[in-house]
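Let me begin by presenting the structure, written as C-alpha cells, before commenting on it.
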Amino acid sequence: MATDYQRIVKDGLWDNNGVLCMLLGMCPTMAMTTSATNGLGMGLATAVVMAASNLLVALFRDRITQEVRIPVYILIVAAMVTLVDLTMNAWMHELYKVLGLFIALIVSNCLPLARLEAFASKEPVLNSLLDGIFMGLGFTISLTVIGAVREIIGSGTLFADASLLLGPAFKFLEMRILPEDTGVLVMILPPGGFLVAGLLVVAKRILDVRAGKGIQMAGAHSV
Amino acid sequence: MKDGTIKHATILGVFCLGFGLVLAVTDRLTVDAIKERAMEDRLNSLAQVIPAGIHDNNPVTDAIDMKNEQGEEVTIYRAMKAGQVTGVAYEVHGTGYGGPVRLMLGLDAEGHILGVRVTAHKETPGLGDKIEEKKSGWILKFTGLFLGNPPADKWKVKKDGGQFDQFAGATITPRGVVAAVRGGLEFFAANKTKMMGAK
C-alpha cells in the first residue's frame, strides 16, 4: 500500500502534473499567473476544492450511477466552490479580497472534474483524498512557477503582495529582482502565459527524458 | 429501462436536494456577516474620498439614489455634519483602453474635488494602470480642482490641448478618466440642490 500512496503523490506533483503533463486547467493557468502570488492563491483555492470534491465523490462512488455521474460531479464541484466562496467572504474577508476573484473561476477548471472521473469514482476514500490534495498541490506549484517567471521578467518583482495573501509574516517573500520600469510588458499580457507555460512543458519533458523515463504520454493515467 | 430512468432521476434528485440544503444553510449562516463586510468595504473606499473630519454620520445609510443623464441609477453617498450636507461621493465611469474605468468621486458642498479613486478597471498593467493610487500619484492631482479651475476647455489631457498629463504609451486611459471626472462635476452642478437637500 505504501508504494500506492507514493505513486499518488508523485503523480500529482510531477509525473502526471495537471498543467505540465495533462495540460488541463489551462484557462486559470493563463489568466491568473501574472504574478507568483496570484498563481499561488489560485492554486491553493483549487487544491481545497479538489480535495473536498474528490473525498465526496469517493464516499458516494457506489451510489452514483454511470448515467448521471457527470451532472452529479458538476453539482459537487459547484457546491464546494460556492461553500468556500461564502464562508471565506464571511469569515476570512481579508483573504477573500485577494482570492475572491479566483474562487468562482474554479468551476470552469476541468482539472477537478477530470480527477473525479478518472480517479475518485474508482478508488477508495483515502486514496482519492490524497489524489485531490496532491493533484491540487501540483497545480499550485505549476501556477506559482509560471507566475514567478512571468512576474520576474514582466514586472521585475517576485511574490509582490504576498503578505496580503499569506499574512504580514510573509513580507520577506516580496522581492524586487530587476530595477523599476524595466519589465517586459508582454510577459504580463496573455501571450506571456502561453510562452512560459509552453517552455515549462518542454523543460519538464527534457528533464524526464534525461532521467531516462522517456516522454510520458499526456493523460496516461487520466481518462 | 423505465426503472433505470426513475433510479437515475432519484439519485440526481437526492444529490441536488442534499447540496441545495447544505448551501441554503451556509447562506443563512453567512448572509449577515457578508453584508457587514460589504458595508465596511464601502465605508473604507468612501473614507479615501471623503475625509473623516467633515462628517459625523454614516454616508452609506444616508445615501440617496438619483438618475444621471444616461438614465442610470447612481447612489449618492452623503457626508453630513450636524444635519448639514458637507460633501457627496458617487461613482462615475469613463471609457478606458480595456473597457469601463469605474471611479469614486468625492466633492465638498461647493463642488470642489475632495478626492478621486479608481474602484475597478481593466487597463494594461504597467501602462494604463498608473491611474491607480498605489501605482502612481497621478490621480491625486485632481484634489482641489473644480469646474472653472481649470476652465471647461482645459479639462482634457495635454495631447488634446488640456492641462492633464497623459502617460507615456497610454493616452486613452487618462483621457477617459479626465472625461469621467468632468462628467461627474457637471452632474453635480446640474443636481446640486437635490444632492444637498434633505432626504
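Chain labels A, B, ... are given in the sequence in which chains occur in the C-alpha cells; within each chain residues are numbered consecutively from 1, and ligands are likewise numbered from 1 in the order shown.
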Residues near Ser35 (chain A), cut-off 10 Å, only C-alpha atoms, skip fewer than 6 positions along chain, as a CSV table (one decimal) with C-alpha atoms, in the first residue's frame:
```csv
chain,number,residue,atom,x,y,z
A,143,LEU,CA,1.0,28.0,-11.4
A,144,THR,CA,3.4,29.6,-8.9
A,145,VAL,CA,6.4,28.8,-11.1
A,146,ILE,CA,4.7,30.2,-14.2
A,147,GLY,CA,3.6,33.2,-12.2
A,148,ALA,CA,7.1,33.7,-10.8
A,149,VAL,CA,8.8,33.6,-14.3
A,150,ARG,CA,6.2,36.0,-15.8
A,151,GLU,CA,6.4,38.3,-12.8
A,152,ILE,CA,10.2,38.5,-12.7
A,154,GLY,CA,7.4,41.2,-16.7
A,155,SER,CA,7.4,43.5,-13.7
A,157,THR,CA,9.4,41.7,-8.8
A,158,LEU,CA,8.8,38.3,-7.1
A,159,PHE,CA,5.9,37.5,-4.8
A,160,ALA,CA,4.7,41.1,-4.8
A,161,ASP,CA,1.8,41.5,-2.3
A,162,ALA,CA,2.4,38.0,-0.9
A,188,ILE,CA,2.3,40.1,-18.1
```
Residues of chain B that approach chain A to 12 Å or less, counting only C-alpha atoms: could you list each one with the shortest pair of atoms and its distance in Å to one decimal, rows by chain and increasing residue number, as a Markdown table?
```
| residue | atom | partner | partner_atom | distance |
| --- | --- | --- | --- | --- |
| B:Gly4 | CA | A:Glu67 | CA | 9.4 |
| B:Thr5 | CA | A:Glu67 | CA | 9.2 |
| B:Ile6 | CA | A:Val68 | CA | 11.5 |
| B:Lys7 | CA | A:Thr65 | CA | 8.9 |
| B:His8 | CA | A:Val68 | CA | 6.3 |
| B:Ala9 | CA | A:Val68 | CA | 8.1 |
| B:Thr10 | CA | A:Val68 | CA | 10.1 |
| B:Ile11 | CA | A:Ile64 | CA | 7.0 |
| B:Leu12 | CA | A:Val72 | CA | 6.5 |
| B:Gly13 | CA | A:Val72 | CA | 9.5 |
| B:Val14 | CA | A:Val72 | CA | 10.1 |
| B:Phe15 | CA | A:Val72 | CA | 7.0 |
| B:Cys16 | CA | A:Leu75 | CA | 7.3 |
| B:Leu17 | CA | A:Leu75 | CA | 10.7 |
| B:Gly18 | CA | A:Ala79 | CA | 10.3 |
| B:Phe19 | CA | A:Ala79 | CA | 6.6 |
| B:Gly20 | CA | A:Ala79 | CA | 8.1 |
| B:Leu21 | CA | A:Ala79 | CA | 10.5 |
| B:Val22 | CA | A:Leu83 | CA | 8.5 |
| B:Leu23 | CA | A:Leu83 | CA | 6.7 |
| B:Ala24 | CA | A:Leu83 | CA | 9.9 |
| B:Val25 | CA | A:Leu83 | CA | 10.1 |
| B:Thr26 | CA | A:Leu83 | CA | 7.0 |
| B:Asp27 | CA | A:Leu86 | CA | 7.0 |
| B:Arg28 | CA | A:Leu86 | CA | 10.1 |
| B:Leu29 | CA | A:Thr87 | CA | 8.8 |
| B:Thr30 | CA | A:Ala90 | CA | 5.6 |
| B:Val31 | CA | A:Ala90 | CA | 7.6 |
| B:Asp32 | CA | A:Ala90 | CA | 8.2 |
| B:Ala33 | CA | A:Ala90 | CA | 5.1 |
| B:Ile34 | CA | A:Ala90 | CA | 4.7 |
| B:Lys35 | CA | A:Ala90 | CA | 8.4 |
| B:Glu36 | CA | A:Ala90 | CA | 8.6 |
| B:Arg37 | CA | A:Ala90 | CA | 7.1 |
| B:Ala38 | CA | A:Asn89 | CA | 9.3 |
| B:Glu40 | CA | A:His93 | CA | 10.5 |
| B:Asp41 | CA | A:Lys97 | CA | 9.7 |
| B:Lys122 | CA | A:Leu189 | CA | 11.8 |
| B:Glu123 | CA | A:Leu189 | CA | 11.0 |
| B:Thr124 | CA | A:Leu189 | CA | 8.0 |
| B:Pro125 | CA | A:Ile188 | CA | 7.4 |
| B:Gly126 | CA | A:Leu185 | CA | 7.0 |
| B:Leu127 | CA | A:Leu185 | CA | 8.9 |
| B:Gly128 | CA | A:Leu185 | CA | 11.9 |
| B:Lys134 | CA | A:Asp161 | CA | 12.0 |
| B:Lys135 | CA | A:Asp181 | CA | 11.6 |
| B:Ala168 | CA | A:Asp181 | CA | 11.9 |
| B:Gly169 | CA | A:Leu185 | CA | 11.8 |
```
Original post:
Using the chain letters and numbers from this document, which residues of region 2-125 of chain B does DSSP assign to strand (DSSP E or B), as a ChimeraX atom specification?
Top reply: /B:64-67,73-81,84-95,100-108,113-120
Restricting it to N, CA and C atoms, dump the selection as a compact mmCIF listing (two decimals), in the first residue's frame.
```
# COMPACT_ATOMS: atom_id res chain seq x y z
N ILE B 64 -28.66 58.66 -1.15
CA ILE B 64 -29.88 58.76 -1.95
C ILE B 64 -29.59 58.23 -3.35
N ASP B 65 -30.63 57.77 -4.02
CA ASP B 65 -30.45 57.28 -5.38
C ASP B 65 -30.96 58.32 -6.37
N MET B 66 -30.17 58.55 -7.42
CA MET B 66 -30.59 59.51 -8.44
C MET B 66 -30.34 58.92 -9.81
N LYS B 67 -30.93 59.53 -10.82
CA LYS B 67 -30.68 59.08 -12.19
C LYS B 67 -29.74 60.07 -12.87
N GLU B 73 -28.98 54.50 -12.63
CA GLU B 73 -29.11 54.77 -11.21
C GLU B 73 -27.73 55.08 -10.61
N VAL B 74 -27.60 56.17 -9.89
CA VAL B 74 -26.34 56.47 -9.21
C VAL B 74 -26.65 56.63 -7.73
N THR B 75 -25.90 55.98 -6.90
CA THR B 75 -26.08 56.15 -5.46
C THR B 75 -25.19 57.30 -5.00
N ILE B 76 -25.81 58.31 -4.39
CA ILE B 76 -25.06 59.46 -3.89
C ILE B 76 -24.85 59.25 -2.39
N TYR B 77 -23.61 58.99 -2.01
CA TYR B 77 -23.29 58.88 -0.59
C TYR B 77 -23.11 60.27 -0.04
N ARG B 78 -23.78 60.58 1.07
CA ARG B 78 -23.75 61.96 1.55
C ARG B 78 -23.11 62.05 2.93
N ALA B 79 -22.09 62.90 3.00
CA ALA B 79 -21.44 63.17 4.28
C ALA B 79 -22.17 64.32 4.95
N MET B 80 -22.57 64.17 6.19
CA MET B 80 -23.28 65.23 6.89
C MET B 80 -22.62 65.52 8.22
N LYS B 81 -22.66 66.80 8.60
CA LYS B 81 -22.24 67.18 9.94
C LYS B 81 -23.36 68.02 10.52
N GLN B 84 -26.25 68.96 8.30
CA GLN B 84 -25.94 69.67 7.06
C GLN B 84 -25.11 68.79 6.14
N VAL B 85 -25.46 68.76 4.84
CA VAL B 85 -24.63 68.00 3.91
C VAL B 85 -23.33 68.75 3.68
N THR B 86 -22.21 68.10 3.99
CA THR B 86 -20.91 68.75 3.83
C THR B 86 -20.14 68.21 2.63
N GLY B 87 -20.60 67.12 2.07
CA GLY B 87 -19.91 66.56 0.91
C GLY B 87 -20.68 65.38 0.36
N VAL B 88 -20.40 65.05 -0.89
CA VAL B 88 -21.05 63.89 -1.50
C VAL B 88 -19.99 63.04 -2.20
N ALA B 89 -20.31 61.79 -2.39
CA ALA B 89 -19.42 60.92 -3.16
C ALA B 89 -20.30 60.00 -4.00
N TYR B 90 -19.89 59.81 -5.24
CA TYR B 90 -20.64 58.87 -6.07
C TYR B 90 -19.72 58.30 -7.13
N GLU B 91 -20.20 57.21 -7.74
CA GLU B 91 -19.37 56.53 -8.73
C GLU B 91 -19.61 57.13 -10.10
N VAL B 92 -18.53 57.37 -10.84
CA VAL B 92 -18.64 57.80 -12.23
C VAL B 92 -17.84 56.80 -13.06
N HIS B 93 -18.14 56.71 -14.34
CA HIS B 93 -17.29 55.82 -15.13
C HIS B 93 -16.95 56.42 -16.47
N GLY B 94 -15.76 56.09 -16.93
CA GLY B 94 -15.27 56.57 -18.21
C GLY B 94 -14.87 55.38 -19.06
N THR B 95 -14.53 55.66 -20.31
CA THR B 95 -14.13 54.58 -21.20
C THR B 95 -12.61 54.53 -21.29
N PRO B 100 -14.68 49.78 -19.39
CA PRO B 100 -15.02 50.88 -18.50
C PRO B 100 -14.04 51.01 -17.32
N VAL B 101 -13.78 52.26 -16.93
CA VAL B 101 -13.00 52.54 -15.73
C VAL B 101 -13.96 53.12 -14.72
N ARG B 102 -14.09 52.51 -13.57
CA ARG B 102 -15.02 53.00 -12.55
C ARG B 102 -14.25 53.79 -11.51
N LEU B 103 -14.79 54.94 -11.15
CA LEU B 103 -14.11 55.81 -10.21
C LEU B 103 -15.08 56.25 -9.13
N MET B 104 -14.56 56.46 -7.92
CA MET B 104 -15.34 57.07 -6.86
C MET B 104 -14.89 58.52 -6.76
N LEU B 105 -15.85 59.43 -6.88
CA LEU B 105 -15.55 60.85 -6.89
C LEU B 105 -16.13 61.49 -5.63
N GLY B 106 -15.29 62.18 -4.85
CA GLY B 106 -15.76 62.85 -3.64
C GLY B 106 -15.71 64.36 -3.82
N LEU B 107 -16.80 65.05 -3.50
CA LEU B 107 -16.86 66.51 -3.66
C LEU B 107 -17.31 67.15 -2.36
N ASP B 108 -16.85 68.37 -2.11
CA ASP B 108 -17.39 69.09 -0.95
C ASP B 108 -18.64 69.86 -1.38
N ILE B 113 -13.25 69.14 -5.69
CA ILE B 113 -12.93 67.72 -5.56
C ILE B 113 -12.16 67.44 -4.27
N LEU B 114 -12.71 66.53 -3.46
CA LEU B 114 -12.02 66.10 -2.25
C LEU B 114 -11.08 64.95 -2.56
N GLY B 115 -11.45 64.16 -3.56
CA GLY B 115 -10.58 63.05 -3.94
C GLY B 115 -11.24 62.20 -5.01
N VAL B 116 -10.41 61.57 -5.82
CA VAL B 116 -10.88 60.62 -6.82
C VAL B 116 -10.08 59.33 -6.64
N ARG B 117 -10.75 58.18 -6.69
CA ARG B 117 -10.03 56.91 -6.64
C ARG B 117 -10.64 55.96 -7.66
N VAL B 118 -9.78 55.15 -8.25
CA VAL B 118 -10.25 54.11 -9.17
C VAL B 118 -10.79 52.94 -8.35
N THR B 119 -12.00 52.50 -8.66
CA THR B 119 -12.52 51.34 -7.94
C THR B 119 -12.42 50.06 -8.77
N ALA B 120 -12.50 50.15 -10.09
CA ALA B 120 -12.35 48.96 -10.93
C ALA B 120 -11.93 49.38 -12.32
```
**OP:** Grab the CA of Ala82 (chain B) to CA of Glu186 (chain B) distance for me, in Å with one decimal place.
**Re:**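 These two atoms are separated by 27.0 Å.
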**OP:** Could you jot down the CA of Leu99 (chain A) to CA of Val81 (chain A) separation for me, Å, one decimal place?
**Re:** 12.4 Å
Residue neighbourhood region 47-60 of chain A, 10 Å, only C-alpha atoms, exclusion window fewer than 6 positions, as a PDB file with C-alpha atoms, in the first residue's frame:
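Output (part-v7.pdb):
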```pdb
ATOM      1  CA  GLY A  41      -3.585  31.831  -4.427  1.00  0.00           C
ATOM      2  CA  ARG A  69     -22.306  10.788 -12.863  1.00  0.00           C
ATOM      3  CA  VAL A  72     -23.522  14.856 -10.056  1.00  0.00           C
ATOM      4  CA  TYR A  73     -19.790  15.666 -10.349  1.00  0.00           C
ATOM      5  CA  ILE A  74     -20.528  19.138 -11.663  1.00  0.00           C
ATOM      6  CA  LEU A  75     -23.034  19.628  -8.861  1.00  0.00           C
ATOM      7  CA  ILE A  76     -20.470  18.596  -6.259  1.00  0.00           C
ATOM      8  CA  VAL A  77     -17.690  20.822  -7.629  1.00  0.00           C
ATOM      9  CA  ALA A  78     -20.054  23.786  -7.927  1.00  0.00           C
ATOM     10  CA  ALA A  79     -21.409  23.246  -4.415  1.00  0.00           C
ATOM     11  CA  MET A  80     -17.883  23.055  -2.943  1.00  0.00           C
ATOM     12  CA  VAL A  81     -16.870  26.229  -4.766  1.00  0.00           C
ATOM     13  CA  THR A  82     -19.944  28.101  -3.520  1.00  0.00           C
ATOM     14  CA  LEU A  83     -19.376  26.853   0.009  1.00  0.00           C
ATOM     15  CA  VAL A  84     -15.756  28.020   0.014  1.00  0.00           C
ATOM     16  CA  ILE A 103     -12.670  31.154  -6.431  1.00  0.00           C
ATOM     17  CA  ILE A 106     -12.538  27.061 -10.199  1.00  0.00           C
ATOM     18  CA  VAL A 107     -15.907  25.855 -11.528  1.00  0.00           C
ATOM     19  CA  LEU A 111      -8.872  19.521 -13.725  1.00  0.00           C
ATOM     20  CA  PRO A 112     -11.141  18.809 -10.694  1.00  0.00           C
ATOM     21  CA  LEU A 113     -13.728  17.203 -12.973  1.00  0.00           C
ATOM     22  CA  ARG A 115      -9.794  13.756 -11.359  1.00  0.00           C
ATOM     23  CA  LEU A 116     -13.308  12.903 -10.191  1.00  0.00           C
ATOM     24  CA  GLU A 117     -13.955  10.937 -13.361  1.00  0.00           C
ATOM     25  CA  PHE A 119      -9.676   8.681 -10.077  1.00  0.00           C
ATOM     26  CA  ALA A 120     -12.163   9.384  -7.292  1.00  0.00           C
ATOM     27  CA  SER A 121     -15.006   7.453  -8.948  1.00  0.00           C
ATOM     28  CA  LYS A 122     -12.926   4.248  -8.881  1.00  0.00           C
ATOM     29  CA  GLU A 123     -10.635   4.459  -5.863  1.00  0.00           C
ATOM     30  CA  PRO A 124     -11.124   4.240  -2.076  1.00  0.00           C
ATOM     31  CA  VAL A 125     -11.739   7.322   0.028  1.00  0.00           C
ATOM     32  CA  LEU A 126      -8.241   7.876   1.427  1.00  0.00           C
ATOM     33  CA  ASN A 127      -6.556   7.427  -1.957  1.00  0.00           C
ATOM     34  CA  SER A 128      -8.981   9.886  -3.519  1.00  0.00           C
ATOM     35  CA  LEU A 129      -8.442  12.474  -0.818  1.00  0.00           C
ATOM     36  CA  LEU A 130      -4.680  12.175  -1.291  1.00  0.00           C
ATOM     37  CA  ASP A 131      -5.057  12.411  -5.046  1.00  0.00           C
ATOM     38  CA  GLY A 132      -7.126  15.582  -4.659  1.00  0.00           C
ATOM     39  CA  ILE A 133      -4.602  17.153  -2.312  1.00  0.00           C
ATOM     40  CA  PHE A 134      -1.520  16.311  -4.356  1.00  0.00           C
ATOM     41  CA  MET A 135      -3.024  16.998  -7.767  1.00  0.00           C
ATOM     42  CA  GLY A 136      -4.066  20.346  -6.267  1.00  0.00           C
ATOM     43  CA  LEU A 137      -0.586  20.984  -4.904  1.00  0.00           C
ATOM     44  CA  GLY A 138       0.967  20.017  -8.238  1.00  0.00           C
ATOM     45  CA  PHE A 139      -1.354  22.532  -9.872  1.00  0.00           C
ATOM     46  CA  THR A 140      -0.340  25.130  -7.245  1.00  0.00           C
TER      47      THR A 140
END
```
Subject >> DSSP alpha helix (DSSP H) selection over chain B, as a PyMOL selection string >> reply: chain B and resi 2-47+172-196
